[in-house]
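J.: Quick one, model-v5.tsv (TSV, C-alpha atoms and all ligand atoms):
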```
chain	number	residue	atom	x	y	z
N	1	MET	CA	-17.26	29.12	-0.97
N	2	GLU	CA	-14.47	31.20	-2.48
N	3	LEU	CA	-12.10	29.93	-5.17
N	4	PRO	CA	-8.49	29.61	-4.01
N	5	PRO	CA	-6.66	32.89	-4.86
N	6	SER	CA	-4.33	31.16	-7.38
N	7	LEU	CA	-7.31	29.78	-9.34
N	8	ARG	CA	-9.14	33.11	-9.16
N	9	HIS	CA	-6.08	34.91	-10.54
N	10	ALA	CA	-5.59	32.31	-13.29
N	11	ILE	CA	-9.22	32.78	-14.40
N	12	GLU	CA	-8.86	36.58	-14.31
N	13	ARG	CA	-5.71	36.26	-16.45
N	14	ALA	CA	-7.53	34.03	-18.97
N	15	LEU	CA	-10.49	36.41	-19.18
N	16	SER	CA	-8.56	39.67	-19.23
N	17	GLY	CA	-9.27	41.81	-22.26
N	18	ARG	CA	-12.54	40.00	-23.03
N	19	ARG	CA	-15.62	42.14	-23.42
N	20	PRO	CA	-18.25	41.30	-20.76
N	21	ALA	CA	-20.96	41.50	-23.45
N	22	ASP	CA	-19.20	38.79	-25.53
N	23	LEU	CA	-18.75	36.61	-22.44
N	24	ALA	CA	-22.42	37.09	-21.55
N	25	ALA	CA	-23.53	36.02	-25.06
N	26	ALA	CA	-21.27	32.92	-24.99
N	27	ALA	CA	-22.38	32.09	-21.42
N	28	ALA	CA	-26.07	32.33	-22.38
N	29	ALA	CA	-25.52	29.99	-25.38
N	30	LEU	CA	-23.59	27.53	-23.19
N	31	SER	CA	-26.29	27.53	-20.47
N	32	GLN	CA	-28.91	26.89	-23.14
N	33	ARG	CA	-26.98	23.84	-24.40
N	34	TYR	CA	-26.61	22.48	-20.84
N	35	ARG	CA	-30.33	23.06	-20.12
N	36	GLU	CA	-31.32	21.17	-23.26
N	37	GLU	CA	-29.13	18.22	-22.16
N	38	ARG	CA	-28.33	17.69	-25.84
N	39	ARG	CA	-26.46	14.44	-26.54
N	40	ASP	CA	-25.93	14.59	-30.29
N	41	GLY	CA	-22.25	13.60	-30.15
N	42	ARG	CA	-21.11	17.25	-30.26
N	43	LEU	CA	-19.22	18.66	-27.27
N	44	HIS	CA	-20.83	21.59	-25.48
N	45	VAL	CA	-17.47	23.38	-25.25
N	46	ALA	CA	-16.02	23.50	-28.75
N	47	SER	CA	-14.61	27.02	-29.16
N	48	ASP	CA	-12.36	29.39	-27.17
N	49	GLU	CA	-15.42	31.54	-26.42
N	50	ASP	CA	-17.27	28.52	-24.97
N	51	ALA	CA	-14.29	27.62	-22.78
N	52	LEU	CA	-13.87	31.18	-21.49
N	53	ALA	CA	-17.61	31.43	-20.77
N	54	TYR	CA	-17.32	28.17	-18.81
N	55	LEU	CA	-14.44	29.62	-16.76
N	56	ALA	CA	-16.47	32.74	-16.01
N	57	VAL	CA	-19.83	31.24	-15.09
N	58	ARG	CA	-19.64	27.47	-14.52
N	59	LEU	CA	-16.21	26.64	-13.12
N	60	PRO	CA	-16.76	28.49	-9.79
N	61	ALA	CA	-19.91	26.41	-9.22
N	62	THR	CA	-18.54	23.03	-10.30
N	63	TYR	CA	-15.40	23.72	-8.25
N	64	ALA	CA	-17.56	24.43	-5.18
N	65	ALA	CA	-19.58	21.22	-5.62
N	66	VAL	CA	-16.49	19.03	-6.13
N	67	ARG	CA	-14.63	20.69	-3.26
N	68	ALA	CA	-17.62	20.15	-0.93
N	69	SER	CA	-17.77	16.46	-1.94
N	70	PHE	CA	-14.05	16.14	-1.18
N	71	ALA	CA	-14.61	17.79	2.24
N	72	ALA	CA	-17.19	15.10	3.07
N	73	ILE	CA	-14.68	12.38	2.09
N	74	LYS	CA	-11.99	14.02	4.20
N	75	GLN	CA	-14.34	14.11	7.17
N	76	ALA	CA	-15.24	10.42	6.74
N	77	ARG	CA	-11.66	9.35	6.07
N	78	PRO	CA	-9.18	11.79	7.63
N	79	ASP	CA	-6.35	9.31	6.98
N	80	PHE	CA	-6.91	9.26	3.19
N	81	ALA	CA	-4.04	11.15	1.54
N	82	PRO	CA	-4.09	10.51	-2.23
N	83	GLN	CA	-0.79	10.81	-4.07
N	84	THR	CA	-2.15	10.15	-7.54
N	85	ALA	CA	-5.35	11.33	-9.22
N	86	LEU	CA	-7.26	10.60	-12.41
N	87	ASP	CA	-9.91	13.02	-13.61
N	88	ILE	CA	-12.22	12.02	-16.43
N	89	GLY	CA	-14.14	14.62	-18.44
N	90	ALA	CA	-11.76	17.06	-16.77
N	91	GLY	CA	-12.88	20.20	-18.62
N	92	PRO	CA	-10.38	22.89	-17.61
N	93	GLY	CA	-9.11	20.73	-14.71
N	94	THR	CA	-11.65	21.86	-12.10
N	95	ALA	CA	-11.48	18.69	-9.97
N	96	LEU	CA	-7.69	18.76	-9.92
N	97	TRP	CA	-7.68	22.27	-8.46
N	98	ALA	CA	-10.18	21.15	-5.81
N	99	ALA	CA	-8.17	17.98	-5.03
N	100	ALA	CA	-4.92	19.94	-4.69
N	101	ASP	CA	-6.68	22.31	-2.29
N	102	CYS	CA	-8.11	19.46	-0.20
N	103	TRP	CA	-5.09	17.11	-0.28
N	104	PRO	CA	-1.86	19.12	-0.59
N	105	ASP	CA	0.22	15.89	-0.78
N	106	LEU	CA	-1.27	15.04	-4.16
N	107	ALA	CA	1.75	14.65	-6.45
N	108	ASN	CA	0.57	13.49	-9.83
N	109	ALA	CA	-2.61	13.84	-11.89
N	110	LEU	CA	-3.76	12.39	-15.19
N	111	LEU	CA	-6.61	14.25	-16.91
N	112	PHE	CA	-8.78	12.80	-19.71
N	113	GLU	CA	-10.74	15.32	-21.77
N	114	ALA	CA	-12.39	15.06	-25.17
N	115	SER	CA	-12.37	18.77	-26.04
N	116	ALA	CA	-8.97	20.01	-27.25
N	117	VAL	CA	-10.12	23.59	-26.59
N	118	PHE	CA	-10.89	22.77	-22.96
N	119	ARG	CA	-7.57	21.00	-22.58
N	120	THR	CA	-5.63	24.03	-23.89
N	121	CYS	CA	-7.63	26.25	-21.58
N	122	GLY	CA	-6.84	23.96	-18.60
N	123	GLU	CA	-3.14	23.90	-19.47
N	124	GLU	CA	-3.11	27.69	-19.60
N	125	LEU	CA	-4.91	27.96	-16.24
N	126	ALA	CA	-2.39	25.67	-14.56
N	127	ARG	CA	0.63	27.40	-16.15
N	128	GLU	CA	1.72	29.51	-13.20
N	129	ALA	CA	0.10	27.54	-10.39
N	130	SER	CA	1.72	25.35	-7.83
N	131	LEU	CA	-0.16	22.15	-8.65
N	132	PRO	CA	0.73	18.44	-8.80
N	133	HIS	CA	2.46	17.23	-11.96
N	134	ILE	CA	-0.25	17.04	-14.66
N	135	SER	CA	-0.49	14.90	-17.81
N	136	TRP	CA	-3.37	15.43	-20.24
N	137	ARG	CA	-4.92	12.96	-22.67
N	138	THR	CA	-7.32	14.00	-25.39
N	139	ALA	CA	-9.66	11.00	-25.39
N	140	ASP	CA	-13.29	10.05	-25.82
N	141	ILE	CA	-14.14	8.05	-22.72
N	142	ALA	CA	-17.29	6.65	-24.35
N	143	THR	CA	-15.08	4.59	-26.68
N	144	ASP	CA	-11.46	4.75	-25.50
N	145	ALA	CA	-9.94	2.55	-22.82
N	146	ILE	CA	-8.61	4.14	-19.63
N	147	ASP	CA	-5.12	2.74	-19.96
N	148	CYS	CA	-3.30	3.75	-16.81
N	149	THR	CA	-2.26	2.12	-13.56
N	150	PRO	CA	-4.96	2.54	-10.89
N	151	ARG	CA	-4.95	5.93	-9.16
N	152	ASP	CA	-5.67	6.77	-5.51
N	153	LEU	CA	-8.37	9.32	-6.35
N	154	VAL	CA	-10.57	9.08	-9.44
N	155	THR	CA	-13.11	11.77	-10.29
N	156	LEU	CA	-15.91	12.18	-12.80
N	157	ALA	CA	-17.50	15.59	-12.29
N	158	TYR	CA	-20.49	16.90	-14.25
N	159	ALA	CA	-19.65	14.52	-17.09
N	160	LEU	CA	-21.70	11.33	-16.57
N	161	ASN	CA	-24.90	13.03	-17.73
N	162	GLU	CA	-23.16	14.16	-20.93
N	163	LEU	CA	-22.56	10.53	-21.93
N	164	ALA	CA	-25.18	8.53	-23.82
N	165	PRO	CA	-27.10	6.40	-21.27
N	166	GLU	CA	-26.05	3.16	-23.01
N	167	VAL	CA	-22.31	3.75	-22.42
N	168	ARG	CA	-22.48	4.90	-18.79
N	169	GLN	CA	-22.21	1.43	-17.21
N	170	THR	CA	-19.14	0.55	-19.27
N	171	VAL	CA	-17.47	3.87	-18.45
N	172	LEU	CA	-18.16	3.36	-14.73
N	173	GLN	CA	-16.76	-0.16	-14.92
N	174	ARG	CA	-13.56	1.24	-16.46
N	175	LEU	CA	-13.36	3.97	-13.85
N	176	TRP	CA	-13.73	1.49	-11.00
N	177	HIS	CA	-10.94	-0.64	-12.53
N	178	ALA	CA	-8.78	2.50	-12.63
N	179	THR	CA	-9.48	3.25	-8.94
N	180	ALA	CA	-6.86	2.17	-6.41
N	181	ASP	CA	-8.78	3.72	-3.51
N	182	THR	CA	-11.57	6.28	-3.92
N	183	LEU	CA	-13.92	7.17	-6.78
N	184	VAL	CA	-16.06	10.32	-6.67
N	185	ILE	CA	-18.90	11.13	-9.04
N	186	VAL	CA	-20.54	14.56	-8.99
N	187	GLU	CA	-23.57	15.62	-11.01
N	188	PRO	CA	-25.90	18.63	-11.18
N	189	GLY	CA	-28.36	18.55	-8.25
N	190	THR	CA	-31.37	17.94	-10.49
N	191	PRO	CA	-33.68	14.90	-10.50
N	192	ALA	CA	-31.85	13.73	-13.67
N	193	GLY	CA	-28.43	14.23	-12.04
N	194	TRP	CA	-29.59	12.27	-8.99
N	195	GLN	CA	-30.85	9.43	-11.21
N	196	CYS	CA	-27.34	9.20	-12.73
N	197	ILE	CA	-25.87	9.11	-9.22
N	198	ILE	CA	-28.18	6.42	-7.79
N	199	ALA	CA	-27.67	4.21	-10.85
N	200	ALA	CA	-23.87	4.60	-10.47
N	201	ARG	CA	-24.15	3.97	-6.71
N	202	ALA	CA	-26.06	0.70	-7.25
N	203	GLN	CA	-23.60	-0.47	-9.90
N	204	LEU	CA	-20.56	0.29	-7.73
N	205	ILE	CA	-22.01	-1.36	-4.60
N	206	GLU	CA	-22.68	-4.42	-6.77
N	207	ALA	CA	-19.02	-4.30	-7.85
N	208	GLY	CA	-17.93	-4.44	-4.18
N	209	ALA	CA	-17.38	-0.71	-3.47
N	210	HIS	CA	-17.82	0.71	0.05
N	211	LEU	CA	-19.74	3.97	0.44
N	212	VAL	CA	-17.80	6.91	1.87
N	213	ALA	CA	-20.30	9.78	1.39
N	214	PRO	CA	-22.95	11.07	1.43
N	215	CYS	CA	-24.99	7.91	2.17
N	216	PRO	CA	-24.70	6.55	5.74
N	217	HIS	CA	-25.81	3.10	4.46
N	218	ALA	CA	-25.63	0.81	1.44
N	219	HIS	CA	-29.39	0.05	1.37
N	220	ALA	CA	-31.49	1.31	-1.53
N	221	CYS	CA	-31.88	5.10	-1.52
N	222	PRO	CA	-34.97	5.85	0.63
N	223	LEU	CA	-35.94	8.98	-1.34
N	224	VAL	CA	-38.77	8.63	-3.81
N	225	PRO	CA	-39.51	11.02	-6.72
N	226	PRO	CA	-40.51	13.84	-6.81
N	227	ASP	CA	-37.99	14.04	-3.91
N	228	TRP	CA	-34.30	13.60	-4.73
N	229	CYS	CA	-31.01	13.68	-2.86
N	230	HIS	CA	-28.99	16.83	-3.48
N	231	PHE	CA	-26.94	19.41	-1.64
N	232	ALA	CA	-26.11	23.08	-2.16
N	233	GLU	CA	-22.99	25.20	-1.94
N	234	ARG	CA	-23.04	28.99	-1.89
N	235	VAL	CA	-20.57	30.28	-4.47
N	236	ALA	CA	-19.12	33.80	-4.41
N	237	ARG	CA	-19.50	35.56	-7.79
N	238	SER	CA	-16.65	37.73	-9.05
N	239	ARG	CA	-17.42	40.99	-10.88
N	240	LEU	CA	-16.85	39.30	-14.27
N	241	HIS	CA	-19.00	36.34	-13.23
N	242	ARG	CA	-21.85	38.77	-12.42
N	243	LEU	CA	-21.37	40.67	-15.68
N	244	ALA	CA	-21.19	37.48	-17.76
N	245	LYS	CA	-24.38	36.20	-16.15
N	246	GLU	CA	-26.02	39.62	-16.15
N	247	ALA	CA	-26.75	38.91	-12.47
N	248	GLU	CA	-26.92	41.31	-9.53
N	249	LEU	CA	-26.36	39.04	-6.53
N	250	PRO	CA	-22.74	38.57	-5.37
N	251	TRP	CA	-23.38	34.84	-4.87
N	252	GLU	CA	-25.33	31.88	-6.23
N	253	ASP	CA	-26.31	28.48	-4.82
N	254	GLU	CA	-24.99	25.51	-6.77
N	255	LYS	CA	-27.10	22.39	-6.29
N	256	PHE	CA	-25.30	19.09	-6.77
N	257	SER	CA	-25.62	15.35	-6.15
N	258	TYR	CA	-22.64	13.10	-5.54
N	259	VAL	CA	-21.43	9.73	-4.43
N	260	ALA	CA	-17.99	8.74	-3.16
N	261	VAL	CA	-17.00	5.09	-2.86
N	262	SER	CA	-13.82	3.35	-1.85
N	263	ARG	CA	-12.10	-0.01	-1.92
N	264	THR	CA	-11.47	0.51	1.82
N	265	PRO	CA	-14.39	0.50	4.29
N	266	SER	CA	-14.58	3.71	6.35
N	267	SER	CA	-16.18	4.34	9.74
N	268	THR	CA	-19.87	4.91	9.25
N	269	THR	CA	-21.79	8.11	9.80
N	270	ALA	CA	-24.95	7.81	11.92
N	271	ALA	CA	-26.88	10.21	9.71
N	272	ARG	CA	-26.51	12.84	6.98
N	273	VAL	CA	-28.45	16.12	6.82
N	274	ILE	CA	-30.11	16.03	3.39
N	275	ALA	CA	-31.96	19.38	3.30
N	276	ARG	CA	-31.41	22.92	4.57
N	277	PRO	CA	-31.98	22.89	8.39
N	278	ARG	CA	-35.07	24.78	9.61
N	279	LYS	CA	-34.21	26.69	12.75
N	280	GLY	CA	-36.56	28.34	15.27
N	281	SER	CA	-36.20	29.55	18.81
N	282	GLY	CA	-34.72	26.63	20.82
N	283	ARG	CA	-35.50	24.10	18.10
N	284	VAL	CA	-34.13	22.84	14.81
N	285	THR	CA	-35.68	20.44	12.30
N	286	LEU	CA	-33.29	18.32	10.27
N	287	LYS	CA	-34.13	16.05	7.37
N	288	LEU	CA	-31.89	13.05	7.98
N	289	CYS	CA	-30.81	10.02	6.00
N	290	ARG	CA	-29.90	7.37	8.60
N	291	GLU	CA	-27.65	4.31	8.76
N	292	ASP	CA	-30.67	1.98	8.93
N	293	GLY	CA	-31.62	3.13	5.40
N	294	SER	CA	-34.50	5.41	6.42
N	295	ALA	CA	-34.94	9.14	5.76
N	296	SER	CA	-37.27	11.59	7.52
N	297	GLU	CA	-37.40	14.86	9.41
N	298	HIS	CA	-36.46	15.01	13.08
N	299	LEU	CA	-37.13	17.86	15.50
N	300	PHE	CA	-34.37	18.59	18.02
N	301	SER	CA	-35.09	20.84	21.01
N	302	ARG	CA	-33.00	22.11	23.90
N	303	ARG	CA	-34.14	19.08	25.90
N	304	ASP	CA	-31.90	16.96	23.63
N	305	GLY	CA	-28.84	18.61	25.26
N	306	THR	CA	-25.58	17.93	23.41
N	307	LEU	CA	-27.40	16.43	20.45
N	308	PHE	CA	-29.40	19.66	20.07
N	309	LYS	CA	-26.17	21.68	20.05
N	310	ARG	CA	-24.72	19.45	17.34
N	311	ALA	CA	-27.93	19.57	15.34
N	312	TRP	CA	-28.02	23.39	15.66
N	313	ARG	CA	-24.45	23.69	14.35
N	314	SER	CA	-25.03	21.29	11.45
N	315	ASP	CA	-25.67	22.38	7.90
N	316	TRP	CA	-27.14	20.87	4.74
N	317	GLY	CA	-24.74	18.03	3.87
N	318	SER	CA	-23.24	17.65	7.36
N	319	ALA	CA	-22.66	14.24	8.90
N	320	LEU	CA	-24.38	14.03	12.29
S	401	LIG	C1	-19.73	20.07	-17.69
S	401	LIG	S1	-18.09	19.72	-18.16
S	401	LIG	C2	-17.35	19.36	-16.58
S	401	LIG	C3	-15.92	19.71	-16.56
S	401	LIG	C4	-15.24	19.53	-15.21
S	401	LIG	N1	-15.24	18.14	-14.83
S	401	LIG	C5	-15.92	20.37	-14.17
S	401	LIG	O1	-16.49	19.79	-13.23
S	401	LIG	O2	-15.87	21.60	-14.25
S	401	LIG	C6	-18.20	18.09	-18.85
S	401	LIG	C7	-16.89	17.66	-19.44
S	401	LIG	O3	-16.96	16.31	-19.88
S	401	LIG	C8	-16.30	16.24	-21.14
S	401	LIG	N2	-16.81	15.10	-21.89
S	401	LIG	C9	-18.08	14.89	-22.31
S	401	LIG	N3	-18.16	13.73	-23.00
S	401	LIG	C10	-16.91	13.21	-23.00
S	401	LIG	C11	-16.34	12.04	-23.55
S	401	LIG	N4	-17.09	11.19	-24.25
S	401	LIG	N5	-15.02	11.81	-23.36
S	401	LIG	C12	-14.26	12.68	-22.65
S	401	LIG	N6	-14.73	13.83	-22.11
S	401	LIG	C13	-16.04	14.09	-22.29
S	401	LIG	C14	-16.66	17.55	-21.81
S	401	LIG	O4	-15.81	17.87	-22.90
S	401	LIG	C15	-16.50	18.50	-20.64
S	401	LIG	O5	-15.20	18.92	-20.49
```
Please rewrite the model in this file as structure tokens.
Ligand SMILES: C[S@@+](CC[C@H](N)C(=O)[O-])C[C@H]1O[C@@H](n2cnc3c(N)ncnc32)[C@H](O)[C@@H]1O

T.:
Amino acid sequence: MELPPSLRHAIERALSGRRPADLAAAAAALSQRYREERRDGRLHVASDEDALAYLAVRLPATYAAVRASFAAIKQARPDFAPQTALDIGAGPGTALWAAADCWPDLANALLFEASAVFRTCGEELAREASLPHISWRTADIATDAIDCTPRDLVTLAYALNELAPEVRQTVLQRLWHATADTLVIVEPGTPAGWQCIIAARAQLIEAGAHLVAPCPHAHACPLVPPDWCHFAERVARSRLHRLAKEAELPWEDEKFSYVAVSRTPSSTTAARVIARPRKGSGRVTLKLCREDGSASEHLFSRRDGTLFKRAWRSDWGSAL
């Protein structure tokens, strides 16, 4: 996945004049903090250098994961056209850029972010872009109320796992109250990220939410550790991204887990492809999560006719 040109240019503008070696040092320190999953009350992004490193090495990946989650919602609910959005733990506004790309009718967005540095960075990114009208709030969602009228689209991307486990349920409750239609939660595609997602999924189903994606059912998740539900998006790396990461490849695969729920039931998907398809001559094996709540591999061969053609064209994350 490529970033939209306007976002790419805004990032290049923000990073211009920065020495790749400084970005690389800040990016390495940031990655270390994320890997440690430190929750000592301090924000991971607290300085300009941290925020710029995030733009260089993390935003392209989180954008890709959020945008892919939105694509799955759009496929499940082509009639959904949000006018208003609320993004919590917005960082530099990543989810807003993805939402504006997916739903061009989006008119108004409210972004909650605890880090003033990140907020300034997000305001600067959006300065010359044609985006919905944006209002920012500097707030700590672990303690502060979400005091706004419910919004059509509510997002919480790569932020749930940064909250202390004991406040997550309350935050989710507040988010659901603030949701007029659809709530999307995205997390890193790690076993810990998936645990956050399945706990949120169970809580939201209990609160009356309808699943939109990726699950084709509201039964308990059929995957059992060490397996976990996650997807992957291939992200193009810019020159600066490669330099900041001291990486050679022009792309990376971002693994992510997500759940999207709505107040409105949507038409159900028969099955979701939950691993990379394995293709051979005249055959393809898909790992499927099905509407009856089961998950297993299925081999499709040419004898399956149209179904084989659809299976062959499908990808990790596709609805079948
Ligand atoms: C990994 S970043 C994700 C940023 C953005 N959502 C994205 O996907 O690129 C996590 C964000 O959550 C914010 N955050 C963490 N704890 C928070 C809290 N208690 N209140 C508000 N924001 C918080 C952080 O400051 C950071 O911007």

J.: Please return as a VMD selection string the residues found within 8 Å of ligand LIG 401 (chain S), counting all atoms listed in the file.

T.: chain N and resid 34 43 to 45 58 to 59 62 to 63 66 87 to 95 112 to 115 118 138 to 143 156 to 160 162 to 163 186

J.: For Asp101 (chain N), which residue among N:Ala14, N:Val235, N:Leu7, N:Ala65 is the nearest when counting all atoms listed in the file?

T.: N:Leu7

J.: Identify, on the basis of only C-alpha atoms, every residue whose closest approach to region 244-255 of chain N does not exceed 10 Å; exclude the query and any residue fewer than 6 positions from it along the same chain; express the result as a compact mmCIF listing (two decimals) with C-alpha atoms, keeping the file's coordinate frame.

T.:
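Saved the output as out-v6.txt:
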```txt
# COMPACT_ATOMS: atom_id res chain seq x y z
CA MET N 1 -17.26 29.12 -0.97
CA GLU N 2 -14.47 31.20 -2.48
CA ARG N 19 -15.62 42.14 -23.42
CA PRO N 20 -18.25 41.30 -20.76
CA ALA N 21 -20.96 41.50 -23.45
CA ASP N 22 -19.20 38.79 -25.53
CA LEU N 23 -18.75 36.61 -22.44
CA ALA N 24 -22.42 37.09 -21.55
CA ALA N 25 -23.53 36.02 -25.06
CA ALA N 26 -21.27 32.92 -24.99
CA ALA N 27 -22.38 32.09 -21.42
CA ALA N 28 -26.07 32.33 -22.38
CA SER N 31 -26.29 27.53 -20.47
CA ALA N 53 -17.61 31.43 -20.77
CA ALA N 56 -16.47 32.74 -16.01
CA VAL N 57 -19.83 31.24 -15.09
CA ARG N 58 -19.64 27.47 -14.52
CA PRO N 60 -16.76 28.49 -9.79
CA ALA N 61 -19.91 26.41 -9.22
CA THR N 62 -18.54 23.03 -10.30
CA TYR N 63 -15.40 23.72 -8.25
CA ALA N 64 -17.56 24.43 -5.18
CA ALA N 65 -19.58 21.22 -5.62
CA GLU N 187 -23.57 15.62 -11.01
CA PRO N 188 -25.90 18.63 -11.18
CA GLY N 189 -28.36 18.55 -8.25
CA THR N 190 -31.37 17.94 -10.49
CA HIS N 230 -28.99 16.83 -3.48
CA PHE N 231 -26.94 19.41 -1.64
CA ALA N 232 -26.11 23.08 -2.16
CA GLU N 233 -22.99 25.20 -1.94
CA ARG N 234 -23.04 28.99 -1.89
CA VAL N 235 -20.57 30.28 -4.47
CA ALA N 236 -19.12 33.80 -4.41
CA ARG N 237 -19.50 35.56 -7.79
CA SER N 238 -16.65 37.73 -9.05
```

J.: Report the centre and edge lengths, in Å to one decimal, of an axis-aligned box enclosing every atom of region 246-257 of chain N listed in the file, padded by 3 Å on each side, as JSON.

T.:
```
{"center_x": -24.9, "center_y": 28.3, "center_z": -10.5, "size_x": 10.4, "size_y": 32.0, "size_z": 17.3}
```

J.: Once you count only C-alpha atoms, which residues end up no further than 12 Å from (-39.4, 7.2, -0.3) in the file's frame, shown as a ChimeraX atom specification?

T.: /N:220-229,289,293-296

J.: Could you give me, as a ChimeraX atom specification, the residues within 9 Å of Ala270 (chain N), counting only C-alpha atoms and dropping anything in the same chain fewer than 3 positions from it?

T.: /N:216-217,289-292,319-320

J.: Anything within 7 Å of (-36.5, 26.5, 23.8): list those residues as an MDAnalysis selection string, counting only C-alpha atoms and sticking to the file's coordinates.

T.: chainID N and resid 281:283 301:302

J.: Write out as number ranges by chain each polymer residue whose atoms come within 12 Å of region 124-126 of chain N, counting only C-alpha atoms; drop sequence neighbours fewer than 2 positions from it.

T.: N: 6-15, 51-52, 55, 59, 91-94, 96-97, 100, 117-122, 128-136

J.: Could you dump the residues just selected with C-alpha atoms as a PDB file, in the coordinates of the input?

T.:
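Final file, result.pdb:
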```
ATOM      1  CA  SER N   6      -4.330  31.160  -7.380  1.00  0.00           C
ATOM      2  CA  LEU N   7      -7.310  29.780  -9.340  1.00  0.00           C
ATOM      3  CA  ARG N   8      -9.140  33.110  -9.160  1.00  0.00           C
ATOM      4  CA  HIS N   9      -6.080  34.910 -10.540  1.00  0.00           C
ATOM      5  CA  ALA N  10      -5.590  32.310 -13.290  1.00  0.00           C
ATOM      6  CA  ILE N  11      -9.220  32.780 -14.400  1.00  0.00           C
ATOM      7  CA  GLU N  12      -8.860  36.580 -14.310  1.00  0.00           C
ATOM      8  CA  ARG N  13      -5.710  36.260 -16.450  1.00  0.00           C
ATOM      9  CA  ALA N  14      -7.530  34.030 -18.970  1.00  0.00           C
ATOM     10  CA  LEU N  15     -10.490  36.410 -19.180  1.00  0.00           C
ATOM     11  CA  ALA N  51     -14.290  27.620 -22.780  1.00  0.00           C
ATOM     12  CA  LEU N  52     -13.870  31.180 -21.490  1.00  0.00           C
ATOM     13  CA  LEU N  55     -14.440  29.620 -16.760  1.00  0.00           C
ATOM     14  CA  LEU N  59     -16.210  26.640 -13.120  1.00  0.00           C
ATOM     15  CA  GLY N  91     -12.880  20.200 -18.620  1.00  0.00           C
ATOM     16  CA  PRO N  92     -10.380  22.890 -17.610  1.00  0.00           C
ATOM     17  CA  GLY N  93      -9.110  20.730 -14.710  1.00  0.00           C
ATOM     18  CA  THR N  94     -11.650  21.860 -12.100  1.00  0.00           C
ATOM     19  CA  LEU N  96      -7.690  18.760  -9.920  1.00  0.00           C
ATOM     20  CA  TRP N  97      -7.680  22.270  -8.460  1.00  0.00           C
ATOM     21  CA  ALA N 100      -4.920  19.940  -4.690  1.00  0.00           C
ATOM     22  CA  VAL N 117     -10.120  23.590 -26.590  1.00  0.00           C
ATOM     23  CA  PHE N 118     -10.890  22.770 -22.960  1.00  0.00           C
ATOM     24  CA  ARG N 119      -7.570  21.000 -22.580  1.00  0.00           C
ATOM     25  CA  THR N 120      -5.630  24.030 -23.890  1.00  0.00           C
ATOM     26  CA  CYS N 121      -7.630  26.250 -21.580  1.00  0.00           C
ATOM     27  CA  GLY N 122      -6.840  23.960 -18.600  1.00  0.00           C
ATOM     28  CA  GLU N 128       1.720  29.510 -13.200  1.00  0.00           C
ATOM     29  CA  ALA N 129       0.100  27.540 -10.390  1.00  0.00           C
ATOM     30  CA  SER N 130       1.720  25.350  -7.830  1.00  0.00           C
ATOM     31  CA  LEU N 131      -0.160  22.150  -8.650  1.00  0.00           C
ATOM     32  CA  PRO N 132       0.730  18.440  -8.800  1.00  0.00           C
ATOM     33  CA  HIS N 133       2.460  17.230 -11.960  1.00  0.00           C
ATOM     34  CA  ILE N 134      -0.250  17.040 -14.660  1.00  0.00           C
ATOM     35  CA  SER N 135      -0.490  14.900 -17.810  1.00  0.00           C
ATOM     36  CA  TRP N 136      -3.370  15.430 -20.240  1.00  0.00           C
TER      37      TRP N 136
END
```

J.: For region 148-154 of chain N, list every protein, DNA or RNA residue within 6 Å, evaluated using all atoms listed in the file, and leave out those in the same chain fewer than 4 positions away; present the list as a PyMOL selection string.

T.: chain N and resi 82+84-87+178-183

J.: So that I can see what lies close to Pro265 (chain N), please list as a list in words the residues with an atom at most 8 Å from it, counting all atoms listed in the file and leaving out residues fewer than 2 positions away in the same chain.

T.: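 Residues near the query, excluding close chain neighbours: His210, Leu211, Val212, Ser262, Arg263 and Ser267 of chain N.
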
J.: When distances are computed from all atoms listed in the file, which of N:Leu172, N:Ala99, N:Ala207, N:Gln75 shows the smallest separation from Gly317 (chain N)?

T.: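 The closest residue to Gly317 (chain N) is N:Gln75.
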
J.: Choose the residue, out of N:Leu240, N:Val167, N:Leu111, N:Ala72, that has the smallest atom-to-atom separation from Val273 (chain N); count all atoms listed in the file.

T.: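 Looking at the shortest contact to Val273 (chain N), the residue is N:Ala72.
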
J.: At what distance in Å, to one decimal, does CA of Pro5 (chain N) lie from CA of Ala116 (chain N)?

T.: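 These atoms are spaced 25.9 Å apart.
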